[in-house]
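Structure file model26.cif (mmCIF, C-alpha atoms and all ligand atoms) follows.
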data_model
#
loop_
_atom_site.label_atom_id
_atom_site.label_comp_id
_atom_site.auth_asym_id
_atom_site.auth_seq_id
_atom_site.Cartn_x
_atom_site.Cartn_y
_atom_site.Cartn_z
CA MET A 1 141.17 84.14 55.74
CA LEU A 2 144.76 85.33 55.67
CA THR A 3 144.31 87.77 52.77
CA SER A 4 141.92 89.88 54.81
CA PHE A 5 144.83 90.75 57.09
CA ALA A 6 147.81 91.20 54.79
CA PRO A 7 148.98 90.28 51.27
CA LEU A 8 150.63 86.87 51.22
CA SER A 9 154.21 86.22 50.20
CA PRO A 10 154.60 83.48 47.51
CA SER A 11 155.88 81.01 50.13
CA GLY A 12 153.00 81.93 52.43
CA PHE A 13 150.57 81.47 49.55
CA PHE A 14 151.85 77.96 48.74
CA ALA A 15 151.86 76.99 52.39
CA THR A 16 148.23 78.12 52.65
CA LEU A 17 147.36 76.29 49.44
CA ARG A 18 148.97 73.11 50.75
CA MET A 19 147.00 73.47 53.98
CA THR A 20 143.75 74.11 52.09
CA ASN A 21 144.27 71.06 49.83
CA HIS A 22 145.13 68.94 52.82
CA PHE A 23 142.02 70.27 54.58
CA TYR A 24 139.64 69.38 51.74
CA LYS A 25 141.27 65.99 51.15
CA LYS A 26 140.80 65.19 54.83
CA ARG A 27 137.21 66.55 54.73
CA ARG A 28 136.32 64.24 51.82
CA LYS A 29 137.87 61.27 53.60
CA GLU A 30 136.07 62.15 56.84
CA THR A 31 132.73 62.60 55.02
CA LYS A 32 133.06 59.10 53.54
CA LEU A 33 134.07 57.74 56.92
CA MET A 34 131.16 59.51 58.63
CA ALA A 35 128.68 57.99 56.13
CA LYS A 36 130.11 54.54 56.83
CA LYS A 37 130.04 55.19 60.58
CA LYS A 38 126.39 56.32 60.32
CA GLU A 39 125.48 53.10 58.53
CA ASN A 40 127.33 50.99 61.13
CA PHE A 41 125.73 53.05 63.87
CA LYS A 42 122.25 52.24 62.52
CA GLN A 43 123.06 48.52 62.63
CA ASP A 44 124.58 48.78 66.10
CA GLN A 45 121.60 50.80 67.23
CA ALA A 46 119.25 47.98 66.35
CA ALA A 47 121.36 45.57 68.43
CA ALA A 48 121.91 47.98 71.30
CA SER A 49 118.24 48.85 71.57
CA ASN A 50 117.56 45.35 72.97
CA THR A 51 120.15 45.80 75.71
CA LYS A 52 118.79 46.34 79.20
CA VAL A 53 120.62 49.21 80.85
CA ALA A 54 120.97 50.46 84.41
CA MET A 55 122.23 54.01 85.00
CA LEU A 56 123.15 54.04 88.68
CA GLY A 57 123.55 57.68 89.70
CA ALA A 58 121.71 59.65 87.04
CA GLY A 59 123.05 63.02 88.14
CA LYS A 60 124.53 65.71 85.90
CA MET A 61 126.78 63.44 83.82
CA GLY A 62 124.55 60.35 84.02
CA GLY A 63 121.52 62.44 83.09
CA ILE A 64 123.32 63.97 80.12
CA LEU A 65 124.37 60.54 78.81
CA LEU A 66 120.91 59.10 79.38
CA GLN A 67 119.18 61.94 77.54
CA ALA A 68 121.68 61.70 74.67
CA PHE A 69 121.24 57.90 74.40
CA LEU A 70 117.45 58.34 74.38
CA LYS A 71 117.63 61.11 71.79
CA ASN A 72 119.80 58.90 69.54
CA GLY A 73 117.50 55.91 70.05
CA LEU A 74 120.51 53.91 71.27
CA PHE A 75 118.46 52.17 73.96
CA ARG A 76 114.70 51.69 74.28
CA PRO A 77 113.16 53.76 77.10
CA GLU A 78 111.45 50.63 78.49
CA ASN A 79 114.89 48.93 78.76
CA ILE A 80 116.40 51.67 80.93
CA ARG A 81 116.43 51.70 84.73
CA ALA A 82 118.02 54.74 86.29
CA THR A 83 118.64 55.44 89.96
CA VAL A 84 119.34 58.49 92.12
CA GLN A 85 119.66 59.00 95.86
CA HIS A 86 116.52 61.01 96.54
CA GLU A 87 112.99 59.69 96.08
CA GLU A 88 111.51 63.06 94.99
CA ARG A 89 114.19 63.51 92.36
CA ALA A 90 113.54 59.98 91.08
CA LYS A 91 109.84 60.83 90.58
CA MET A 92 110.63 64.13 88.89
CA LEU A 93 113.20 62.58 86.51
CA ALA A 94 110.97 59.61 85.64
CA GLY A 95 108.31 62.10 84.47
CA GLN A 96 110.87 64.19 82.62
CA TRP A 97 112.73 61.38 80.82
CA GLY A 98 109.96 58.80 80.43
CA VAL A 99 112.11 55.98 81.84
CA SER A 100 112.03 54.08 85.13
CA VAL A 101 113.90 56.06 87.81
CA SER A 102 114.08 54.79 91.39
CA THR A 103 116.39 54.70 94.38
CA ASP A 104 116.75 50.90 94.20
CA ASN A 105 120.19 50.11 92.79
CA LEU A 106 119.89 46.35 93.32
CA ALA A 107 116.60 46.06 91.38
CA ALA A 108 118.00 48.19 88.56
CA ALA A 109 121.19 46.10 88.35
CA ARG A 110 119.24 42.83 88.52
CA ASN A 111 117.17 43.78 85.47
CA SER A 112 120.10 44.92 83.32
CA ASP A 113 122.82 43.52 81.07
CA LEU A 114 124.82 46.75 81.02
CA ILE A 115 125.36 48.69 84.25
CA LEU A 116 126.56 52.28 83.97
CA LEU A 117 128.00 53.58 87.20
CA GLY A 118 127.65 57.35 87.55
CA VAL A 119 127.74 58.11 91.26
CA LYS A 120 130.48 60.18 92.90
CA PRO A 121 133.76 58.27 93.38
CA GLN A 122 133.26 58.15 97.16
CA THR A 123 129.81 56.51 96.71
CA VAL A 124 131.01 53.77 94.34
CA PRO A 125 131.93 51.21 97.11
CA GLU A 126 128.49 51.62 98.75
CA VAL A 127 126.62 51.12 95.45
CA LEU A 128 128.79 48.13 94.49
CA ALA A 129 128.08 46.50 97.85
CA GLN A 130 124.34 46.98 97.23
CA ILE A 131 124.35 45.49 93.72
CA ARG A 132 126.83 42.66 94.39
CA PRO A 133 124.08 39.97 94.64
CA ALA A 134 122.91 40.91 91.13
CA LEU A 135 126.34 40.72 89.49
CA THR A 136 127.13 37.79 87.21
CA ALA A 137 129.88 37.12 84.67
CA LYS A 138 127.39 37.90 81.88
CA LYS A 139 126.95 41.54 82.89
CA THR A 140 129.15 44.46 81.94
CA ILE A 141 129.89 47.43 84.17
CA ILE A 142 130.90 50.74 82.62
CA SER A 143 131.99 53.15 85.33
CA PHE A 144 132.41 56.82 84.53
CA ALA A 145 133.27 57.74 88.12
CA ALA A 146 136.54 59.62 88.23
CA SER A 147 139.49 58.04 89.99
CA VAL A 148 137.98 54.59 90.75
CA LYS A 149 140.16 51.84 89.29
CA THR A 150 138.77 48.86 87.37
CA SER A 151 140.62 46.54 89.79
CA ALA A 152 138.73 48.09 92.76
CA ILE A 153 135.41 47.52 90.99
CA GLU A 154 136.35 43.95 90.01
CA LYS A 155 137.31 43.22 93.59
CA ALA A 156 134.10 44.70 95.02
CA ALA A 157 132.01 42.85 92.41
CA GLY A 158 133.36 39.51 93.64
CA VAL A 159 132.82 37.91 90.23
CA ASP A 160 134.94 37.86 87.05
CA LEU A 161 132.90 40.31 85.00
CA ALA A 162 133.78 42.93 82.40
CA VAL A 163 134.58 46.31 83.94
CA ILE A 164 135.25 49.22 81.62
CA ARG A 165 136.16 52.72 82.75
CA ALA A 166 134.92 55.62 80.68
CA MET A 167 135.65 59.31 81.11
CA PRO A 168 133.10 61.31 79.13
CA ASN A 169 132.36 65.04 79.25
CA THR A 170 129.25 67.23 79.29
CA PRO A 171 129.25 68.20 75.56
CA SER A 172 128.09 64.57 75.07
CA LEU A 173 124.62 66.09 75.48
CA LEU A 174 124.90 67.55 71.97
CA GLY A 175 126.80 64.66 70.39
CA CYS A 176 130.18 66.43 70.56
CA GLY A 177 131.55 64.76 73.64
CA ALA A 178 135.04 63.34 74.14
CA THR A 179 135.29 60.03 75.96
CA ALA A 180 138.34 58.00 76.87
CA LEU A 181 137.86 54.32 77.65
CA CYS A 182 140.06 51.72 79.27
CA ARG A 183 139.50 48.06 79.92
CA GLY A 184 139.57 45.94 83.05
CA LYS A 185 141.03 42.45 83.40
CA PHE A 186 138.03 40.47 82.11
CA VAL A 187 136.98 42.62 79.16
CA THR A 188 136.88 41.00 75.72
CA ASP A 189 137.54 42.96 72.51
CA GLU A 190 133.84 42.65 71.66
CA GLN A 191 132.78 44.11 75.03
CA LEU A 192 135.19 47.02 74.60
CA ALA A 193 133.86 47.56 71.06
CA VAL A 194 130.31 47.76 72.44
CA ALA A 195 131.37 50.37 75.01
CA GLU A 196 133.14 52.34 72.27
CA LYS A 197 129.96 52.32 70.19
CA VAL A 198 127.87 53.48 73.14
CA PHE A 199 130.11 56.51 73.66
CA ALA A 200 130.72 57.07 69.92
CA SER A 201 126.98 57.81 69.77
CA VAL A 202 127.65 60.96 71.82
CA GLY A 203 130.98 62.12 70.34
CA ARG A 204 134.55 61.01 69.76
CA THR A 205 136.17 58.18 71.68
CA VAL A 206 139.73 57.10 72.38
CA THR A 207 141.00 54.02 74.16
CA VAL A 208 143.87 54.50 76.60
CA ASP A 209 145.80 52.52 79.21
CA GLU A 210 144.21 52.86 82.63
CA LYS A 211 147.28 54.74 83.92
CA HIS A 212 146.17 57.69 81.75
CA MET A 213 142.62 57.99 83.07
CA ASP A 214 143.37 60.65 85.70
CA ALA A 215 145.11 62.73 83.03
CA VAL A 216 142.08 62.36 80.77
CA THR A 217 139.81 63.40 83.64
CA ALA A 218 141.88 66.56 84.14
CA LEU A 219 142.05 67.39 80.43
CA SER A 220 138.84 66.51 78.61
CA ALA A 221 136.35 65.87 81.43
CA SER A 222 137.23 69.02 83.41
CA GLY A 223 138.26 70.83 80.23
CA PRO A 224 134.85 72.22 79.21
CA ALA A 225 134.91 74.30 82.42
CA TYR A 226 138.30 75.81 81.46
CA ILE A 227 137.07 76.59 77.96
CA TYR A 228 133.88 78.25 79.27
CA ILE A 229 136.06 80.54 81.38
CA ILE A 230 138.28 81.35 78.40
CA LEU A 231 135.26 81.89 76.19
CA GLU A 232 133.54 84.09 78.75
CA SER A 233 136.72 86.13 79.17
CA LEU A 234 137.15 86.61 75.42
CA ALA A 235 133.54 87.79 75.20
CA GLU A 236 134.28 90.23 78.05
CA GLY A 237 137.20 91.46 75.95
CA GLY A 238 134.80 92.03 73.06
CA VAL A 239 132.47 93.96 75.38
CA LYS A 240 135.43 96.03 76.61
CA VAL A 241 136.21 97.08 73.04
CA GLY A 242 132.60 97.98 72.35
CA LEU A 243 130.73 94.90 71.10
CA PRO A 244 127.23 94.13 72.35
CA ARG A 245 127.45 91.20 74.80
CA ASP A 246 125.32 88.76 72.78
CA ILE A 247 127.37 89.35 69.64
CA ALA A 248 130.65 89.10 71.57
CA THR A 249 129.57 85.78 73.12
CA LEU A 250 128.38 84.37 69.79
CA LEU A 251 131.62 85.36 68.04
CA ALA A 252 133.76 83.96 70.86
CA ALA A 253 131.85 80.65 70.84
CA GLN A 254 131.76 80.22 67.05
CA MET A 255 135.46 81.15 66.84
CA THR A 256 136.29 78.55 69.52
CA LEU A 257 134.30 75.94 67.63
CA GLY A 258 136.03 76.93 64.38
CA ALA A 259 139.51 76.78 65.87
CA ALA A 260 138.82 73.36 67.42
CA THR A 261 137.39 72.10 64.12
CA MET A 262 140.51 73.32 62.27
CA VAL A 263 142.73 71.31 64.64
CA LEU A 264 140.57 68.19 64.32
CA GLU A 265 139.93 68.31 60.60
CA THR A 266 143.26 69.54 59.20
CA GLY A 267 145.30 67.44 61.61
CA SER A 268 147.75 70.37 61.69
CA HIS A 269 149.69 71.26 64.80
CA PRO A 270 147.93 74.12 66.67
CA ALA A 271 151.16 76.16 66.54
CA LEU A 272 151.10 76.05 62.72
CA LEU A 273 147.47 77.14 62.65
CA LYS A 274 148.30 79.94 65.10
CA ASP A 275 151.14 81.10 62.84
CA ALA A 276 148.70 81.34 59.92
CA VAL A 277 146.67 83.91 61.90
CA THR A 278 149.68 85.85 63.13
CA THR A 279 150.65 88.39 60.46
CA PRO A 280 154.08 89.98 61.04
CA ALA A 281 153.61 93.31 62.84
CA GLY A 282 149.84 92.73 62.78
CA CYS A 283 147.36 92.85 65.65
CA THR A 284 147.30 89.14 66.63
CA ILE A 285 150.95 89.16 67.73
CA ASP A 286 150.17 92.03 70.11
CA GLY A 287 147.33 89.99 71.61
CA ILE A 288 149.64 86.95 71.91
CA LEU A 289 152.21 89.09 73.70
CA GLU A 290 149.61 89.90 76.36
CA LEU A 291 148.69 86.19 76.69
CA GLU A 292 152.34 85.25 77.18
CA GLU A 293 152.88 88.02 79.71
CA GLY A 294 149.78 86.88 81.60
CA GLY A 295 151.16 83.33 81.68
CA LEU A 296 148.19 81.75 79.92
CA ARG A 297 150.13 78.67 78.76
CA VAL A 298 151.67 77.95 82.15
CA THR A 299 148.33 78.56 83.86
CA LEU A 300 146.53 76.06 81.62
CA ILE A 301 149.29 73.46 81.96
CA LYS A 302 149.18 73.84 85.74
CA ALA A 303 145.37 73.62 85.75
CA VAL A 304 145.56 70.20 84.07
CA MET A 305 148.35 69.08 86.44
CA ARG A 306 146.41 70.14 89.55
CA ALA A 307 143.17 68.53 88.36
CA ALA A 308 145.03 65.29 87.53
CA GLN A 309 146.51 65.25 91.02
CA ARG A 310 143.03 65.70 92.52
CA ALA A 311 141.64 62.96 90.26
CA LYS A 312 144.28 60.59 91.73
CA GLU A 313 143.13 61.35 95.26
CA LEU A 314 139.34 61.41 94.79
CA ALA A 315 138.50 57.73 95.20
CA SER A 316 140.28 57.57 98.54
CA SER A 317 139.07 60.91 99.95
N1 LIG A 401 130.07 66.36 85.72
C1 LIG A 401 130.97 66.03 84.80
O1 LIG A 401 131.32 66.83 83.92
C2 LIG A 401 131.59 64.65 84.80
C3 LIG A 401 132.38 64.24 83.71
C4 LIG A 401 132.93 62.95 83.71
C5 LIG A 401 132.72 62.11 84.78
N2 LIG A 401 131.96 62.53 85.83
C6 LIG A 401 131.75 61.60 86.95
O2 LIG A 401 130.36 61.38 87.07
C7 LIG A 401 130.06 61.10 88.44
C8 LIG A 401 128.90 61.98 88.86
O3 LIG A 401 129.26 63.33 88.75
P1 LIG A 401 128.13 64.42 88.53
O4 LIG A 401 128.83 65.67 88.22
O5 LIG A 401 127.11 63.90 87.57
O6 LIG A 401 127.55 64.50 90.02
P2 LIG A 401 126.05 64.59 90.52
O7 LIG A 401 125.26 65.49 89.62
O8 LIG A 401 126.10 64.90 91.96
O9 LIG A 401 125.48 63.12 90.34
C9 LIG A 401 125.56 62.10 91.29
C10 LIG A 401 124.25 61.34 91.26
O10 LIG A 401 124.39 60.21 92.09
C11 LIG A 401 123.18 60.03 92.77
N3 LIG A 401 123.44 59.22 93.97
C12 LIG A 401 124.09 59.55 95.11
N4 LIG A 401 124.13 58.51 95.95
C13 LIG A 401 123.49 57.48 95.31
C14 LIG A 401 123.20 56.14 95.65
N5 LIG A 401 123.56 55.59 96.81
N6 LIG A 401 122.53 55.39 94.73
C15 LIG A 401 122.14 55.90 93.53
N7 LIG A 401 122.39 57.16 93.16
C16 LIG A 401 123.06 57.94 94.04
C17 LIG A 401 122.73 61.44 93.09
O11 LIG A 401 121.34 61.41 93.41
P3 LIG A 401 120.46 62.72 93.74
O12 LIG A 401 120.30 63.40 92.42
O13 LIG A 401 119.19 62.19 94.27
O14 LIG A 401 121.28 63.51 94.72
C18 LIG A 401 123.06 62.14 91.78
O15 LIG A 401 121.98 62.02 90.89
C19 LIG A 401 131.32 61.36 89.25
O16 LIG A 401 131.92 60.14 89.61
C20 LIG A 401 132.21 62.13 88.29
O17 LIG A 401 133.56 61.84 88.50
C21 LIG A 401 131.39 63.77 85.86
#
Would you put the structure from the file into structure tokens?
Amino acid sequence: MLTSFAPLSPSGFFATLRMTNHFYKKRRKETKLMAKKKENFKQDQAAASNTKVAMLGAGKMGGILLQAFLKNGLFRPENIRATVQHEERAKMLAGQWGVSVSTDNLAAARNSDLILLGVKPQTVPEVLAQIRPALTAKKTIISFAASVKTSAIEKAAGVDLAVIRAMPNTPSLLGCGATALCRGKFVTDEQLAVAEKVFASVGRTVTVDEKHMDAVTALSASGPAYIYIILESLAEGGVKVGLPRDIATLLAAQMTLGAATMVLETGSHPALLKDAVTTPAGCTIDGILELEEGGLRVTLIKAVMRAAQRAKELASS
């Protein structure tokens, strides 16, 4: 990659070689790990497919998760009960997804072992009040509503049951989601492991302390929107310098995917990877100069800060 820009100095060559070796070593390790994960996933799938699941609030995010779970065969369609607010939408989605979709949260919760809560943060108290008679210590709630604390859900539930918070994102639809999980007071290690497996079926997962959930919301849940703007803008740049729009968009998207994969698979610091692209007196450094002058870094940092602040306020607004 580097040689297409400029001849490498010996030290640059060895640094690149070290990076390449590290890359392939990591790839081999990851491939083995992935094979093991796939095998475990198959076993977990068999167990999970017997679980009865309620998806309360099958909107954009809930719908994405539901479709991904169905596609992966994680749960059996006949074991899923989804709800929405509007009757017509329930009918339409039931036809589309081939699962039970209604507006009856209580009935859905009553018939489920695992309750996924996907309504807007402001609607969570209302839905919890509706399903309270169905809640027992044997059920597990996984809430992916932004901002709503596990302690608030535990309190509203009125019973000592497992409450897990998850913060997924929309790329879960294609199995490349990022989900952070945190546990409530009554969650056992096994229950958390089950939640991790559910979300691992749609991408990568991390477990964090609950105090970090608003930060996660601002970074990886809102993040796809930031990246789409960046990607769209880069494609516009390509159009400005003469590329056809479809080619500019494809190159911008594949390049974004490639850069993200480099960070994930080499484990290298993004700054080091950036340096490997930035030939002295080459073209990349001129582009970087424009980014710095435009305040891209500060803008992105502030975007995450502002979104985190909003995530803190949401449940009470
Ligand atoms: N969108 C994301 O990228 C994302 C990422 C992570 C987390 N989240 C979280 O996911 C939650 C939903 O966000 P969203 O973007 O998916 O919003 P959304 O598309 O508006 O989904 C909300 C869903 O809740 C349903 N609903 C409203 N009141 C209800 C009630 N009383 N009982 C049952 N269902 C009810 C709505 O029904 P109708 O369809 O009939 O109106 C809708 O399907 C939020 O808490 C958000 O923080 C979203």
What are the closest atom pairs, with distances in Å to one decimal, for each residue of chain A lying within 9 Å of ligand LIG 401 (chain A), using all atoms listed in the file, rows by chain and rising residue number, as a tab-separated table?
residue	atom	partner	partner_atom	distance
A:Met55	CA	A:LIG401	C15	8.7
A:Leu56	CA	A:LIG401	C15	5.3
A:Gly57	CA	A:LIG401	O10	3.6
A:Ala58	CA	A:LIG401	O15	4.5
A:Gly59	CA	A:LIG401	O15	3.1
A:Lys60	CA	A:LIG401	O5	3.6
A:Met61	CA	A:LIG401	O5	3.8
A:Gly62	CA	A:LIG401	O5	5.6
A:Gly63	CA	A:LIG401	O5	7.3
A:Ile64	CA	A:LIG401	O5	8.4
A:Ala82	CA	A:LIG401	C15	8.4
A:Thr83	CA	A:LIG401	C15	5.0
A:Val84	CA	A:LIG401	N7	3.5
A:Gln85	CA	A:LIG401	O13	3.6
A:His86	CA	A:LIG401	O13	3.7
A:Glu87	CA	A:LIG401	O13	6.9
A:Glu88	CA	A:LIG401	O13	7.8
A:Arg89	CA	A:LIG401	O13	5.5
A:Ala90	CA	A:LIG401	O13	6.9
A:Ser102	CA	A:LIG401	C15	8.4
A:Thr103	CA	A:LIG401	C15	5.9
A:Asp104	CA	A:LIG401	N6	7.3
A:Asn105	CA	A:LIG401	N6	6.1
A:Leu117	CA	A:LIG401	C7	7.9
A:Gly118	CA	A:LIG401	C7	4.5
A:Val119	CA	A:LIG401	O10	4.0
A:Lys120	CA	A:LIG401	O16	3.6
A:Pro121	CA	A:LIG401	O16	4.6
A:Gln122	CA	A:LIG401	O16	7.9
A:Thr123	CA	A:LIG401	N4	6.1
A:Val124	CA	A:LIG401	O16	8.0
A:Glu126	CA	A:LIG401	N5	6.6
A:Val127	CA	A:LIG401	N5	5.6
A:Gln130	CA	A:LIG401	N5	8.7
A:Ser143	CA	A:LIG401	O16	8.2
A:Phe144	CA	A:LIG401	C5	5.3
A:Ala145	CA	A:LIG401	O16	3.1
A:Ala146	CA	A:LIG401	O17	3.7
A:Ser147	CA	A:LIG401	O17	7.2
A:Val148	CA	A:LIG401	O16	8.3
A:Ala166	CA	A:LIG401	C5	8.0
A:Met167	CA	A:LIG401	C4	5.2
A:Pro168	CA	A:LIG401	C4	4.9
A:Asn169	CA	A:LIG401	C3	4.5
A:Thr170	CA	A:LIG401	O1	5.1
A:Pro171	CA	A:LIG401	O1	8.7
A:Thr179	CA	A:LIG401	C4	8.6
A:Thr217	CA	A:LIG401	C4	6.9
A:Ser220	CA	A:LIG401	C3	8.5
A:Ala221	CA	A:LIG401	C3	4.9
A:Ser222	CA	A:LIG401	O1	6.3
A:Gly223	CA	A:LIG401	O1	8.8
A:Pro224	CA	A:LIG401	O1	8.0
A:Ala225	CA	A:LIG401	O1	8.4
A:Ala311	CA	A:LIG401	O17	8.3
A:Leu314	CA	A:LIG401	O17	8.6
A:Ala315	CA	A:LIG401	O16	9.0
May I have the protein, DNA and RNA residues with any atom at most 10 Å from the point (130.3, 83.2, 72.6), counting only C-alpha atoms, written as a tab-separated table (two decimals) with C-alpha atoms, in the coordinates of the input?
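part-v4.tsv, written as the output of this step:
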chain	number	residue	atom	x	y	z
A	228	TYR	CA	133.88	78.25	79.27
A	231	LEU	CA	135.26	81.89	76.19
A	232	GLU	CA	133.54	84.09	78.75
A	233	SER	CA	136.72	86.13	79.17
A	234	LEU	CA	137.15	86.61	75.42
A	235	ALA	CA	133.54	87.79	75.20
A	236	GLU	CA	134.28	90.23	78.05
A	238	GLY	CA	134.80	92.03	73.06
A	245	ARG	CA	127.45	91.20	74.80
A	246	ASP	CA	125.32	88.76	72.78
A	247	ILE	CA	127.37	89.35	69.64
A	248	ALA	CA	130.65	89.10	71.57
A	249	THR	CA	129.57	85.78	73.12
A	250	LEU	CA	128.38	84.37	69.79
A	251	LEU	CA	131.62	85.36	68.04
A	252	ALA	CA	133.76	83.96	70.86
A	253	ALA	CA	131.85	80.65	70.84
A	254	GLN	CA	131.76	80.22	67.05
A	255	MET	CA	135.46	81.15	66.84
A	256	THR	CA	136.29	78.55	69.52
A	257	LEU	CA	134.30	75.94	67.63
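Straight-line separation from CA of Ala259 in chain A to CA of Ala271 in chain A: 11.7 Å.
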inquiry  = For a quick check of your reading of the model, name the residues lying within 12 Å of the coordinate (133.3, 44.1, 73.6), counting all atoms listed in the file, and write them as number ranges by chain.
reply    = A: 114, 138-142, 162-164, 181-184, 186-198
May I have the residues from that selection written out with C-alpha atoms, as a short mmCIF file (atom, residue, chain, number, x, y, z; two decimals), in the frame of the given file?
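File written: again-v6.cif
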data_model
loop_
_atom_site.label_atom_id
_atom_site.label_comp_id
_atom_site.auth_asym_id
_atom_site.auth_seq_id
_atom_site.Cartn_x
_atom_site.Cartn_y
_atom_site.Cartn_z
CA LEU A 114 124.82 46.75 81.02
CA LYS A 138 127.39 37.90 81.88
CA LYS A 139 126.95 41.54 82.89
CA THR A 140 129.15 44.46 81.94
CA ILE A 141 129.89 47.43 84.17
CA ILE A 142 130.90 50.74 82.62
CA ALA A 162 133.78 42.93 82.40
CA VAL A 163 134.58 46.31 83.94
CA ILE A 164 135.25 49.22 81.62
CA LEU A 181 137.86 54.32 77.65
CA CYS A 182 140.06 51.72 79.27
CA ARG A 183 139.50 48.06 79.92
CA GLY A 184 139.57 45.94 83.05
CA PHE A 186 138.03 40.47 82.11
CA VAL A 187 136.98 42.62 79.16
CA THR A 188 136.88 41.00 75.72
CA ASP A 189 137.54 42.96 72.51
CA GLU A 190 133.84 42.65 71.66
CA GLN A 191 132.78 44.11 75.03
CA LEU A 192 135.19 47.02 74.60
CA ALA A 193 133.86 47.56 71.06
CA VAL A 194 130.31 47.76 72.44
CA ALA A 195 131.37 50.37 75.01
CA GLU A 196 133.14 52.34 72.27
CA LYS A 197 129.96 52.32 70.19
CA VAL A 198 127.87 53.48 73.14
#
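The coordinates place CA of Val202 in chain A at 18.2 Å from CA of Glu265 in chain A.
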Length of the CA of Asp214 in chain A to CA of Lys312 in chain A vector [Å] = 6.1 Å
